[in-house]
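Peer 1: What follows is protein.txt; its format and atoms are compact mmCIF, C-alpha atoms and all ligand atoms.
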```
# COMPACT_ATOMS: atom_id res chain seq x y z
CA MET F 1 12.52 -13.08 -27.48
CA LYS F 2 13.25 -11.81 -24.00
CA VAL F 3 15.53 -8.80 -23.88
CA ASN F 4 17.88 -8.91 -20.92
CA LEU F 5 17.99 -5.36 -19.64
CA ILE F 6 20.08 -5.83 -16.55
CA SER F 7 23.13 -3.65 -16.92
CA GLY F 8 26.67 -4.04 -15.80
CA ALA F 9 26.14 -1.13 -13.44
CA LEU F 10 23.15 -2.79 -11.80
CA LEU F 11 25.00 -6.06 -11.43
CA ALA F 12 27.84 -4.18 -9.79
CA LEU F 13 25.29 -2.59 -7.45
CA VAL F 14 23.93 -6.03 -6.56
CA ILE F 15 27.33 -7.53 -5.98
CA SER F 16 28.76 -4.63 -4.00
CA GLY F 17 25.54 -4.48 -1.98
CA CYS F 18 25.89 -8.15 -1.04
CA ALA F 19 29.47 -7.83 -0.05
CA THR F 20 29.28 -4.68 2.02
CA LYS F 21 25.86 -4.64 3.69
CA PRO F 22 26.56 -3.21 7.15
CA THR F 23 24.58 -4.46 10.10
CA ASP F 24 24.77 -1.37 12.33
CA THR F 25 21.76 0.84 11.51
CA SER F 26 22.09 3.17 14.48
CA ASN F 27 23.97 5.96 12.72
CA ASP F 28 21.91 6.86 9.70
CA TRP F 29 18.82 4.83 9.02
CA GLN F 30 18.01 6.75 5.84
CA THR F 31 21.32 5.89 4.17
CA GLN F 32 21.03 2.35 5.48
CA GLY F 33 17.46 2.05 4.15
CA VAL F 34 18.50 3.05 0.65
CA GLU F 35 21.47 0.66 0.79
CA ASN F 36 19.21 -2.18 1.90
CA ALA F 37 16.76 -1.38 -0.91
CA LYS F 38 19.56 -1.31 -3.50
CA THR F 39 20.80 -4.69 -2.31
CA MET F 40 17.50 -6.52 -2.06
CA MET F 41 15.86 -5.03 -5.14
CA GLY F 42 19.08 -5.52 -7.08
CA LEU F 43 18.86 -9.23 -6.26
CA GLN F 44 15.15 -9.26 -7.11
CA ILE F 45 15.82 -7.65 -10.49
CA GLU F 46 18.70 -10.02 -11.16
CA ALA F 47 16.36 -12.99 -10.63
CA ILE F 48 13.65 -11.47 -12.86
CA GLU F 49 16.10 -10.73 -15.65
CA ALA F 50 17.63 -14.21 -15.41
CA ASP F 51 14.25 -15.81 -16.09
CA THR F 52 14.34 -17.40 -19.53
CA THR F 53 10.61 -17.43 -20.28
CA ASP F 54 8.71 -14.63 -22.01
CA ARG F 55 6.95 -13.70 -18.75
CA VAL F 56 7.86 -10.57 -16.86
CA LEU F 57 8.01 -11.82 -13.29
CA ASN F 58 6.26 -9.64 -10.70
CA PRO F 59 7.36 -10.47 -7.12
CA VAL F 60 4.75 -10.32 -4.34
CA SER F 61 5.86 -12.41 -1.36
CA THR F 62 7.44 -15.74 -0.54
CA SER F 63 5.89 -19.07 -1.51
CA VAL F 64 4.38 -21.49 0.98
CA ASN F 65 7.79 -22.95 1.86
CA ARG F 66 8.89 -19.38 2.76
CA PHE F 67 12.09 -19.79 0.77
CA ASN F 68 11.21 -19.06 -2.84
CA THR F 69 9.84 -15.80 -4.20
CA ALA F 70 6.17 -15.85 -5.24
CA TYR F 71 5.03 -13.90 -8.31
CA CYS F 72 1.66 -12.59 -9.49
CA GLY F 73 -0.13 -11.81 -12.76
CA PRO F 74 -1.15 -8.34 -14.03
CA THR F 75 -4.67 -8.33 -12.56
CA ASP F 76 -3.67 -9.36 -9.03
CA TRP F 77 -4.29 -6.46 -6.60
CA ARG F 78 -0.57 -6.38 -5.74
CA SER F 79 0.76 -6.14 -9.32
CA GLY F 80 1.49 -2.39 -9.24
CA PHE F 81 3.68 -2.39 -6.16
CA PHE F 82 6.90 -3.89 -7.50
CA PRO F 83 6.98 -1.67 -10.63
CA GLY F 84 6.23 1.31 -8.39
CA SER F 85 9.02 0.28 -6.00
CA VAL F 86 11.53 0.28 -8.85
CA TRP F 87 10.43 3.85 -9.73
CA TYR F 88 10.97 4.88 -6.10
CA LEU F 89 14.39 3.20 -6.08
CA TYR F 90 15.24 5.20 -9.19
CA GLU F 91 14.08 8.39 -7.47
CA LEU F 92 16.12 7.57 -4.37
CA THR F 93 19.33 6.59 -6.16
CA GLY F 94 19.26 8.43 -9.50
CA ASP F 95 20.51 5.19 -11.08
CA SER F 96 19.35 5.59 -14.68
CA THR F 97 19.88 1.87 -15.41
CA LEU F 98 16.66 1.35 -13.44
CA VAL F 99 14.52 3.35 -15.89
CA PRO F 100 14.25 0.75 -18.70
CA LEU F 101 13.61 -1.92 -16.08
CA ALA F 102 10.89 0.05 -14.28
CA THR F 103 9.37 0.86 -17.69
CA LYS F 104 9.30 -2.80 -18.66
CA TYR F 105 7.76 -3.93 -15.35
CA THR F 106 5.16 -1.15 -15.56
CA GLU F 107 4.14 -1.81 -19.15
CA ALA F 108 3.94 -5.55 -18.44
CA ILE F 109 0.78 -4.94 -16.40
CA SER F 110 -0.94 -2.67 -18.99
CA GLU F 111 -3.90 -5.02 -19.39
CA ALA F 112 -4.97 -4.21 -15.83
CA GLN F 113 -6.29 -0.83 -17.03
CA ASN F 114 -9.40 -2.63 -18.33
CA LEU F 115 -10.09 -4.48 -15.11
CA THR F 116 -13.65 -4.10 -13.81
CA SER F 117 -13.99 -7.22 -11.65
CA HIS F 118 -12.63 -5.66 -8.44
CA HIS F 119 -11.83 -2.23 -7.03
CA ASP F 120 -8.08 -2.64 -6.73
CA ILE F 121 -7.41 -1.16 -10.16
CA GLY F 122 -6.66 2.08 -8.32
CA PHE F 123 -3.84 0.46 -6.34
CA ILE F 124 -2.54 -1.34 -9.44
CA ILE F 125 -2.46 1.52 -11.93
CA ASN F 126 -1.72 4.46 -9.65
CA CYS F 127 1.27 2.81 -7.95
CA SER F 128 2.80 1.69 -11.28
CA PHE F 129 1.78 4.02 -14.13
CA GLY F 130 1.02 6.83 -11.70
CA ASN F 131 4.64 6.81 -10.55
CA ALA F 132 5.99 6.17 -14.06
CA ARG F 133 4.38 9.31 -15.45
CA ARG F 134 6.38 11.41 -13.02
CA PHE F 135 9.44 10.44 -15.11
CA VAL F 136 8.67 9.18 -18.63
CA ASN F 137 6.16 8.82 -21.50
CA LYS F 138 3.71 11.15 -19.91
CA GLU F 139 0.96 11.25 -22.56
CA LYS F 140 0.96 7.52 -23.21
CA TYR F 141 0.68 6.80 -19.49
CA ASP F 142 -1.92 9.52 -18.95
CA SER F 143 -4.33 7.62 -21.19
CA VAL F 144 -3.73 4.43 -19.16
CA LEU F 145 -4.73 6.31 -16.00
CA VAL F 146 -7.91 7.64 -17.59
CA THR F 147 -8.90 4.23 -18.98
CA ALA F 148 -8.31 2.73 -15.53
CA ALA F 149 -10.39 5.45 -13.88
CA ASN F 150 -13.23 4.64 -16.28
CA SER F 151 -12.92 0.96 -15.38
CA LEU F 152 -13.01 1.76 -11.66
CA SER F 153 -16.00 4.07 -12.15
CA THR F 154 -18.08 1.15 -13.51
CA ARG F 155 -18.12 -0.09 -9.93
CA PHE F 156 -19.72 3.09 -8.57
CA ARG F 157 -23.21 2.42 -7.19
CA PRO F 158 -24.96 5.82 -7.35
CA GLY F 159 -27.87 4.75 -5.11
CA ALA F 160 -25.45 4.08 -2.26
CA GLY F 161 -22.82 6.62 -3.30
CA VAL F 162 -19.97 4.10 -3.04
CA ILE F 163 -17.62 2.08 -5.22
CA GLN F 164 -18.30 -1.63 -4.67
CA SER F 165 -15.08 -3.35 -3.56
CA TRP F 166 -15.65 -7.02 -4.21
CA ASN F 167 -18.03 -8.96 -6.41
CA VAL F 168 -20.19 -11.52 -4.65
CA SER F 169 -19.93 -14.46 -7.02
CA PRO F 170 -21.67 -17.80 -6.46
CA GLY F 171 -19.61 -20.03 -4.15
CA SER F 172 -17.22 -17.22 -3.14
CA TRP F 173 -16.26 -16.56 0.49
CA GLN F 174 -17.97 -13.19 0.11
CA GLU F 175 -21.22 -14.97 -0.75
CA LYS F 176 -20.81 -17.23 2.31
CA LYS F 177 -20.63 -14.04 4.41
CA GLY F 178 -24.05 -13.10 2.99
CA TRP F 179 -22.89 -9.78 1.52
CA THR F 180 -24.61 -7.81 -1.26
CA CYS F 181 -22.40 -4.79 -1.97
CA PRO F 182 -19.30 -5.03 0.25
CA VAL F 183 -17.08 -1.98 0.61
CA ILE F 184 -13.77 -2.28 2.46
CA ILE F 185 -11.82 0.55 4.05
CA ASP F 186 -8.88 -0.33 1.76
CA ASN F 187 -10.98 1.14 -1.06
CA MET F 188 -10.06 4.65 0.10
CA MET F 189 -6.67 4.04 -1.53
CA ASN F 190 -8.24 3.62 -4.97
CA LEU F 191 -9.63 7.15 -4.96
CA GLU F 192 -6.27 8.72 -5.78
CA LEU F 193 -6.62 7.36 -9.33
CA LEU F 194 -9.95 9.18 -9.70
CA PHE F 195 -8.53 12.49 -8.45
CA GLU F 196 -5.68 12.14 -10.95
CA ALA F 197 -8.06 11.35 -13.82
CA SER F 198 -10.14 14.40 -12.98
CA LYS F 199 -7.07 16.64 -13.14
CA LEU F 200 -5.92 15.04 -16.41
CA THR F 201 -9.27 15.31 -18.22
CA GLY F 202 -10.94 18.29 -16.54
CA ASP F 203 -13.95 15.99 -16.04
CA SER F 204 -15.33 16.43 -12.51
CA THR F 205 -17.24 13.13 -12.67
CA TYR F 206 -14.22 11.24 -11.34
CA TYR F 207 -13.71 13.79 -8.55
CA ASN F 208 -17.38 13.62 -7.57
CA ILE F 209 -17.31 9.81 -7.38
CA ALA F 210 -14.22 9.96 -5.17
CA VAL F 211 -15.77 12.55 -2.84
CA SER F 212 -19.07 10.65 -2.65
CA HIS F 213 -17.23 7.46 -1.70
CA ALA F 214 -15.04 9.25 0.86
CA ASP F 215 -18.08 10.94 2.46
CA LYS F 216 -20.19 7.79 2.68
CA THR F 217 -17.22 5.89 4.12
CA LEU F 218 -16.67 8.67 6.67
CA GLN F 219 -20.30 8.34 7.69
CA GLU F 220 -20.52 4.56 7.97
CA HIS F 221 -17.11 2.97 8.46
CA PHE F 222 -15.87 4.62 11.67
CA ARG F 223 -16.47 3.95 15.34
CA GLU F 224 -16.60 6.55 18.13
CA ASP F 225 -13.00 5.79 19.14
CA GLY F 226 -11.71 6.63 15.64
CA SER F 227 -11.08 3.04 14.56
CA THR F 228 -12.59 1.67 11.37
CA PHE F 229 -14.58 -1.43 10.56
CA HIS F 230 -13.11 -3.41 7.70
CA VAL F 231 -16.22 -4.22 5.64
CA ILE F 232 -19.51 -2.36 5.33
CA ASP F 233 -22.13 -4.17 3.30
CA TYR F 234 -24.67 -1.86 1.62
CA ASN F 235 -27.96 -2.07 -0.16
CA PRO F 236 -26.61 -0.72 -3.47
CA GLU F 237 -29.95 0.92 -4.38
CA THR F 238 -30.58 2.80 -1.12
CA GLY F 239 -27.24 3.00 0.68
CA GLU F 240 -28.74 1.34 3.77
CA VAL F 241 -26.09 -0.49 5.81
CA LEU F 242 -26.86 -4.22 5.84
CA ASN F 243 -23.83 -5.52 7.76
CA ARG F 244 -20.71 -4.30 9.55
CA ASN F 245 -18.12 -7.07 9.39
CA THR F 246 -14.52 -8.01 8.85
CA GLY F 247 -12.81 -9.93 6.09
CA GLN F 248 -9.20 -9.92 7.27
CA GLY F 249 -9.46 -8.88 10.93
CA TYR F 250 -9.82 -10.92 14.12
CA SER F 251 -13.52 -10.12 14.59
CA ASP F 252 -16.21 -7.79 13.30
CA ASP F 253 -15.59 -5.45 16.23
CA SER F 254 -11.81 -5.58 16.25
CA ALA F 255 -9.38 -3.10 14.73
CA TRP F 256 -7.60 -4.87 11.87
CA ALA F 257 -4.28 -3.02 11.83
CA ARG F 258 -3.80 -2.50 8.10
CA GLY F 259 -7.37 -1.27 7.77
CA GLN F 260 -6.53 1.53 10.20
CA ALA F 261 -3.45 2.33 8.08
CA TRP F 262 -5.49 2.48 4.86
CA ALA F 263 -7.88 4.90 6.58
CA ILE F 264 -5.07 7.16 7.81
CA TYR F 265 -3.36 7.23 4.43
CA GLY F 266 -6.59 7.41 2.39
CA TYR F 267 -8.07 10.37 4.27
CA THR F 268 -4.70 12.17 4.31
CA MET F 269 -4.67 11.86 0.50
CA CYS F 270 -8.32 13.05 0.31
CA PHE F 271 -7.41 16.15 2.33
CA ARG F 272 -4.51 16.85 -0.05
CA GLU F 273 -6.80 16.52 -3.09
CA THR F 274 -9.84 18.42 -1.78
CA GLY F 275 -8.65 20.68 1.05
CA ASP F 276 -11.64 19.47 3.09
CA LYS F 277 -10.56 19.54 6.75
CA LYS F 278 -12.98 16.80 7.85
CA TYR F 279 -10.83 14.27 5.97
CA LEU F 280 -7.66 15.32 7.78
CA ASP F 281 -9.56 15.24 11.09
CA GLN F 282 -10.49 11.60 10.46
CA ALA F 283 -6.95 10.66 9.48
CA LEU F 284 -5.63 12.19 12.70
CA LYS F 285 -8.36 10.61 14.82
CA THR F 286 -7.60 7.15 13.46
CA PHE F 287 -3.86 7.76 13.91
CA ASP F 288 -4.46 8.82 17.54
CA PHE F 289 -6.43 5.62 18.07
CA MET F 290 -3.44 3.60 16.89
CA LYS F 291 -0.80 5.67 18.69
CA ASN F 292 -2.59 5.52 22.04
CA HIS F 293 -3.68 1.89 21.81
CA GLU F 294 -2.53 -0.22 24.77
CA ASN F 295 -1.48 -2.96 22.35
CA MET F 296 0.78 -0.76 20.22
CA PRO F 297 4.23 -2.33 20.72
CA ALA F 298 7.14 -0.21 21.95
CA ASP F 299 8.80 -0.43 18.52
CA LEU F 300 5.61 0.92 16.85
CA ILE F 301 5.29 -2.01 14.43
CA PRO F 302 1.69 -3.15 15.07
CA TYR F 303 0.36 -6.63 15.57
CA TRP F 304 -1.79 -7.76 12.62
CA ASP F 305 -4.94 -6.84 14.59
CA MET F 306 -4.93 -4.48 17.56
CA ASP F 307 -7.38 -6.80 19.35
CA ALA F 308 -5.79 -10.14 18.44
CA PRO F 309 -6.29 -12.42 21.46
CA GLY F 310 -2.74 -13.78 21.73
CA ILE F 311 -0.89 -10.47 21.97
CA PRO F 312 2.12 -10.29 22.58
CA TYR F 313 2.55 -13.60 20.77
CA GLU F 314 0.67 -12.59 17.62
CA PRO F 315 2.37 -11.88 14.26
CA ARG F 316 3.28 -8.30 13.43
CA ASP F 317 2.40 -6.42 10.27
CA ALA F 318 5.29 -4.31 9.00
CA SER F 319 3.17 -3.18 6.04
CA THR F 320 0.83 -1.34 8.44
CA ALA F 321 3.79 0.51 9.95
CA ALA F 322 5.20 1.49 6.54
CA ILE F 323 1.83 2.79 5.29
CA ILE F 324 1.35 4.87 8.45
CA ALA F 325 4.90 6.26 8.26
CA SER F 326 4.39 7.39 4.67
CA ALA F 327 1.07 9.07 5.56
CA LEU F 328 2.61 10.80 8.59
CA TYR F 329 5.37 12.34 6.49
CA GLU F 330 2.67 13.85 4.29
CA ILE F 331 0.68 15.02 7.35
CA SER F 332 3.84 16.71 8.67
CA THR F 333 3.78 19.01 5.60
CA PHE F 334 0.32 20.37 6.48
CA PRO F 335 0.00 23.58 8.51
CA LEU F 336 -0.64 21.92 11.88
CA GLU F 337 0.64 23.24 15.19
CA ASN F 338 2.24 19.93 16.10
CA ALA F 339 3.28 18.94 12.54
CA GLU F 340 6.75 17.95 13.70
CA SER F 341 5.38 15.33 16.09
CA TYR F 342 3.98 13.37 13.12
CA ARG F 343 7.36 13.49 11.38
CA ASP F 344 9.10 12.34 14.58
CA TYR F 345 6.71 9.40 15.00
CA ALA F 346 7.31 8.39 11.36
CA ASP F 347 11.06 8.64 11.92
CA GLN F 348 10.79 6.22 14.85
CA ILE F 349 8.83 3.73 12.76
CA MET F 350 11.31 3.99 9.89
CA GLU F 351 14.35 3.61 12.10
CA ASN F 352 12.86 0.46 13.58
CA LEU F 353 11.83 -0.94 10.19
CA THR F 354 15.38 -0.33 8.96
CA SER F 355 16.93 -2.25 11.87
CA ASP F 356 17.92 -5.90 11.56
CA ASN F 357 14.70 -6.80 13.37
CA TYR F 358 12.66 -5.96 10.26
CA SER F 359 15.10 -5.47 7.36
CA ALA F 360 16.28 -8.64 5.69
CA LYS F 361 19.73 -9.89 4.81
CA PRO F 362 20.50 -10.79 1.18
CA ASP F 363 20.17 -14.55 1.65
CA GLU F 364 16.72 -14.48 3.26
CA ASN F 365 13.18 -13.17 2.84
CA GLY F 366 12.73 -13.95 -0.87
CA ARG F 367 14.82 -10.87 -1.76
CA PHE F 368 12.27 -8.46 -0.24
CA ILE F 369 13.42 -5.56 1.93
CA LEU F 370 11.11 -5.92 4.93
CA LYS F 371 10.30 -8.98 7.02
CA HIS F 372 7.30 -9.65 9.27
CA SER F 373 4.11 -8.65 7.44
CA THR F 374 0.77 -10.41 7.56
CA GLY F 375 -1.61 -10.61 4.58
CA SER F 376 -4.76 -12.31 5.84
CA LEU F 377 -4.51 -14.36 9.00
CA PRO F 378 -8.18 -15.47 9.00
CA HIS F 379 -7.61 -16.96 5.54
CA LYS F 380 -4.37 -18.57 6.85
CA SER F 381 -2.62 -16.68 4.09
CA GLU F 382 0.72 -14.82 4.20
CA ILE F 383 1.41 -14.89 7.94
CA ASP F 384 4.69 -13.30 9.08
CA VAL F 385 6.11 -13.01 5.56
CA PRO F 386 7.48 -10.29 3.27
CA LEU F 387 4.84 -8.43 1.25
CA ASN F 388 5.64 -6.24 -1.76
CA TYR F 389 3.35 -3.46 -0.54
CA ALA F 390 5.27 -3.22 2.74
CA ASP F 391 8.37 -2.55 0.64
CA TYR F 392 6.49 -0.10 -1.61
CA TYR F 393 5.24 2.13 1.23
CA TYR F 394 8.62 1.86 3.00
CA LEU F 395 10.32 3.20 -0.14
CA GLU F 396 7.66 5.88 -0.54
CA ALA F 397 8.24 6.92 3.07
CA LEU F 398 12.03 7.00 2.53
CA THR F 399 11.45 9.22 -0.52
CA ARG F 400 9.07 11.53 1.35
CA LYS F 401 11.53 11.80 4.24
CA ARG F 402 14.36 12.69 1.88
CA ASN F 403 12.20 15.31 0.19
CA LEU F 404 11.29 16.78 3.59
CA ASN F 405 14.98 17.09 4.43
CA ARG F 406 15.47 19.06 1.23
N1 LIG Q 501 -6.44 -4.72 0.21
C1 LIG Q 501 -5.96 -5.89 0.74
C2 LIG Q 501 -5.13 -5.81 1.96
O1 LIG Q 501 -4.83 -4.79 2.51
O2 LIG Q 501 -4.77 -6.87 2.40
```
Kindly present the structure from the file in structure tokens form.

Peer 2:
Amino acid sequence: MKVNLISGALLALVISGCATKPTDTSNDWQTQGVENAKTMMGLQIEAIEADTTDRVLNPVSTSVNRFNTAYCGPTDWRSGFFPGSVWYLYELTGDSTLVPLATKYTEAISEAQNLTSHHDIGFIINCSFGNARRFVNKEKYDSVLVTAANSLSTRFRPGAGVIQSWNVSPGSWQEKKGWTCPVIIDNMMNLELLFEASKLTGDSTYYNIAVSHADKTLQEHFREDGSTFHVIDYNPETGEVLNRNTGQGYSDDSAWARGQAWAIYGYTMCFRETGDKKYLDQALKTFDFMKNHENMPADLIPYWDMDAPGIPYEPRDASTAAIIASALYEISTFPLENAESYRDYADQIMENLTSDNYSAKPDENGRFILKHSTGSLPHKSEIDVPLNYADYYYLEALTRKRNLNR
């Protein structure tokens, strides 16, 4: 039996949000951003709670016709973002009616803690349970994080010192690329789970795996100009680099935009967790590469690949901008001479994301907050659509900005 948890208060929030959504975002983009999030996520929750099956729907994007919302299962790499977004909305609004909903959406993906078939368990569990344990059921959720960290650690290849990102199964596109042990820059984001598990258990094994992966990635993934390759393929026994390629970028030598964002955010987080300055240096170098790139648009919302051949007629990727903004707010808290400049750049991104150019109206965009993200153009998948991780990092950035103000 499905329990309908949507409350009268939340319904009121949805309805009032629909009726009063202002269009002028010039005055106060932070207030506007929270209002937009309340409206769109209120509608999203209303649709989830109206579903009459026993499933707990987990929104990820729009479907192929771009009208309906698309949902994913618990082991999809994007399954942690919507539950995590509801926790951030709770943090931003203090609306306690969101707590039972966020709890339900989080616990609905519990089975992902045992996932060993890809590296994204860090994204999944840290963004959902990792946020949940800041508010409720701490011990119960702690054990989920540790189980997930153990699952992720099964993918560590000690000979190479890295966590293998993808399996290379017979007939897969990864096999067609000829890869053996592919590691993608996105994998930096999974390390936060290991740092958390190390703090929870006192076991330094998780910490050491994270540092080994971060160091090897620092050594092999980056170019002289600070940009990162997407995929490095290793010999898992020796750590020898077999290939430097892309999976989701325009070409092996191009700068896939979201990959640069994962590097900036991932190495910022590694600096926070270790205090090792070389990680912050890399985050800043990759950010400088993006900031100074001739193809960075005036509104600071990057094209899907900085080297895409059809710029300025290429699709944008709002998720890249949101990830970078969130990382920059964290960087602005570090003792850097020009710390404020990082905050100011993030503010510009966030103001633009909050404008009508990127923030959706209630009757569009599958009930997601942000428009204009791109999942994987080479796979002809999710081009110029909403993506739940764009919304997640936008909400995280809004929360970080509010905490900075305080
Ligand atoms: N990790 C997958 C992506 O960024 O698209």

Peer 1: Skipping near chain neighbours, those fewer than 6 positions away, what residues fall within 8 Å of Cys127 (chain F) using only C-alpha atoms, listed as a VMD selection string?

Peer 2: chain F and resid 80 to 81 83 to 84

Peer 1: To one decimal in Å, tell me the separation between CA of Phe135 (chain F) and CA of Leu395 (chain F).

Peer 2: 16.7 Å

Peer 1: Name the residues in contact with region 375-389 of chain F at a cut-off of 6 Å, using all atoms listed in the file, excluding same-chain residues fewer than 4 positions from it; report them as a ChimeraX atom specification.

Peer 2: /F:60-61,81,248,315,370-371

Peer 1: Once you count all atoms listed in the file, which residues end up within 8 Å of ligand LIG 501 (chain Q), and could you hand them over as a PyMOL selection string?

Peer 2: chain F and resi 77+120+186-187+248+258-259+262+375-376

Peer 1: Place a sphere of radius 10 Å on (4.0, 11.7, 12.0) in the file coordinates and name every protein, DNA or RNA residue with an atom inside or on its surface, counting all atoms listed in the file; give the answer as JSON, numbers by chain.

Peer 2: {"F": [284, 287, 324, 325, 326, 327, 328, 329, 330, 331, 332, 333, 338, 339, 340, 341, 342, 343, 344, 345, 346, 347, 348, 349]}

Peer 1: Kindly indicate which residue among F:Thr374, F:Thr286, F:Thr320, F:Asn167 lies nearest to Pro302 (chain F), using all atoms listed in the file for the distances.

Peer 2: F:Thr320

Peer 1: What does the distance between CA of Glu224 (chain F) and CA of Asp281 (chain F) come to in Å, to one decimal place?

Peer 2: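 Here the two named atoms are 13.2 Å from each other.
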
Peer 1: Considering only C-alpha atoms, return as an mmCIF file with C-alpha atoms, in the coordinates of the input whatever protein or nucleic-acid residues lie within 8 Å of Asn190 (chain F), sequence-local ones (same chain, fewer than 2 positions apart) excluded.

Peer 2:
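Okay, selection_5.cif is ready:
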```
data_model
loop_
_atom_site.group_PDB
_atom_site.id
_atom_site.type_symbol
_atom_site.label_atom_id
_atom_site.label_comp_id
_atom_site.auth_asym_id
_atom_site.auth_seq_id
_atom_site.Cartn_x
_atom_site.Cartn_y
_atom_site.Cartn_z
ATOM 1 C CA HIS F 119 -11.830 -2.230 -7.030
ATOM 2 C CA ASP F 120 -8.080 -2.640 -6.730
ATOM 3 C CA ILE F 121 -7.410 -1.160 -10.160
ATOM 4 C CA GLY F 122 -6.660 2.080 -8.320
ATOM 5 C CA PHE F 123 -3.840 0.460 -6.340
ATOM 6 C CA ASP F 186 -8.880 -0.330 1.760
ATOM 7 C CA ASN F 187 -10.980 1.140 -1.060
ATOM 8 C CA MET F 188 -10.060 4.650 0.100
ATOM 9 C CA GLU F 192 -6.270 8.720 -5.780
ATOM 10 C CA LEU F 193 -6.620 7.360 -9.330
ATOM 11 C CA LEU F 194 -9.950 9.180 -9.700
#
```

Peer 1: Contacts of Glu364 (chain F) at 10 Å or less, counting all atoms listed in the file, minus same-chain residues fewer than 3 places along, as a PyMOL selection string?

Peer 2: chain F and resi 40+66-68+360-361+367-369+371

Peer 1: Mind giving me the straight-line distance from CA of Cys270 (chain F) to CA of Tyr393 (chain F) in Å, one decimal?

Peer 2: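 Straight-line distance from CA of Cys270 (chain F) to CA of Tyr393 (chain F) works out to 17.4 Å.
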
Peer 1: List as number ranges by chain the protein and nucleic acid residues near region 203-214 of chain F, meaning an atom at most 9 Å away when only C-alpha atoms are counted, but skip any in the same chain fewer than 2 places from it.

Peer 2: F: 149-150, 153, 156, 158, 160-163, 187-188, 190-201, 216-219, 266-267, 270, 274, 279

Peer 1: Between F:Ser254, F:Asn235, F:Ser172, F:Thr62, which residue has the minimum interatomic distance to Phe222 (chain F), considering only C-alpha atoms?

Peer 2: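 Ranked by minimum distance to Phe222 (chain F), first place goes to F:Ser254.
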
Peer 1: Around the point (1.3, 1.9, -15.4) in the file's coordinates, collect all residues with an atom within 8 Å, using all atoms listed in the file, and return them as a count of residues only.

Peer 2: 17

Peer 1: Nearest residue to Ala70 (chain F) out of F:Val86, F:Ala298, F:Ala108, F:Ile48, using only C-alpha atoms?

Peer 2: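 Closest to Ala70 (chain F) of all the choices is F:Ile48.
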
Peer 1: Compare F:Ile264, F:Val231, F:Ile45, F:Val56 by their minimum atom-to-atom distance to Met189 (chain F), counting all atoms listed in the file, and give me the closest one.

Peer 2: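 Among the listed residues, F:Ile264 lies closest to Met189 (chain F).
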
Peer 1: Pick from F:Val241, F:Gln113, F:Ser79, F:Gly202: nearest to Glu220 (chain F), with all atoms listed in the file counted?

Peer 2: F:Val241

Peer 1: For Lys104 (chain F), which of F:Leu92, F:Ile301, F:Leu57, F:Ala148 is the closest residue, counting all atoms listed in the file?

Peer 2: F:Leu57
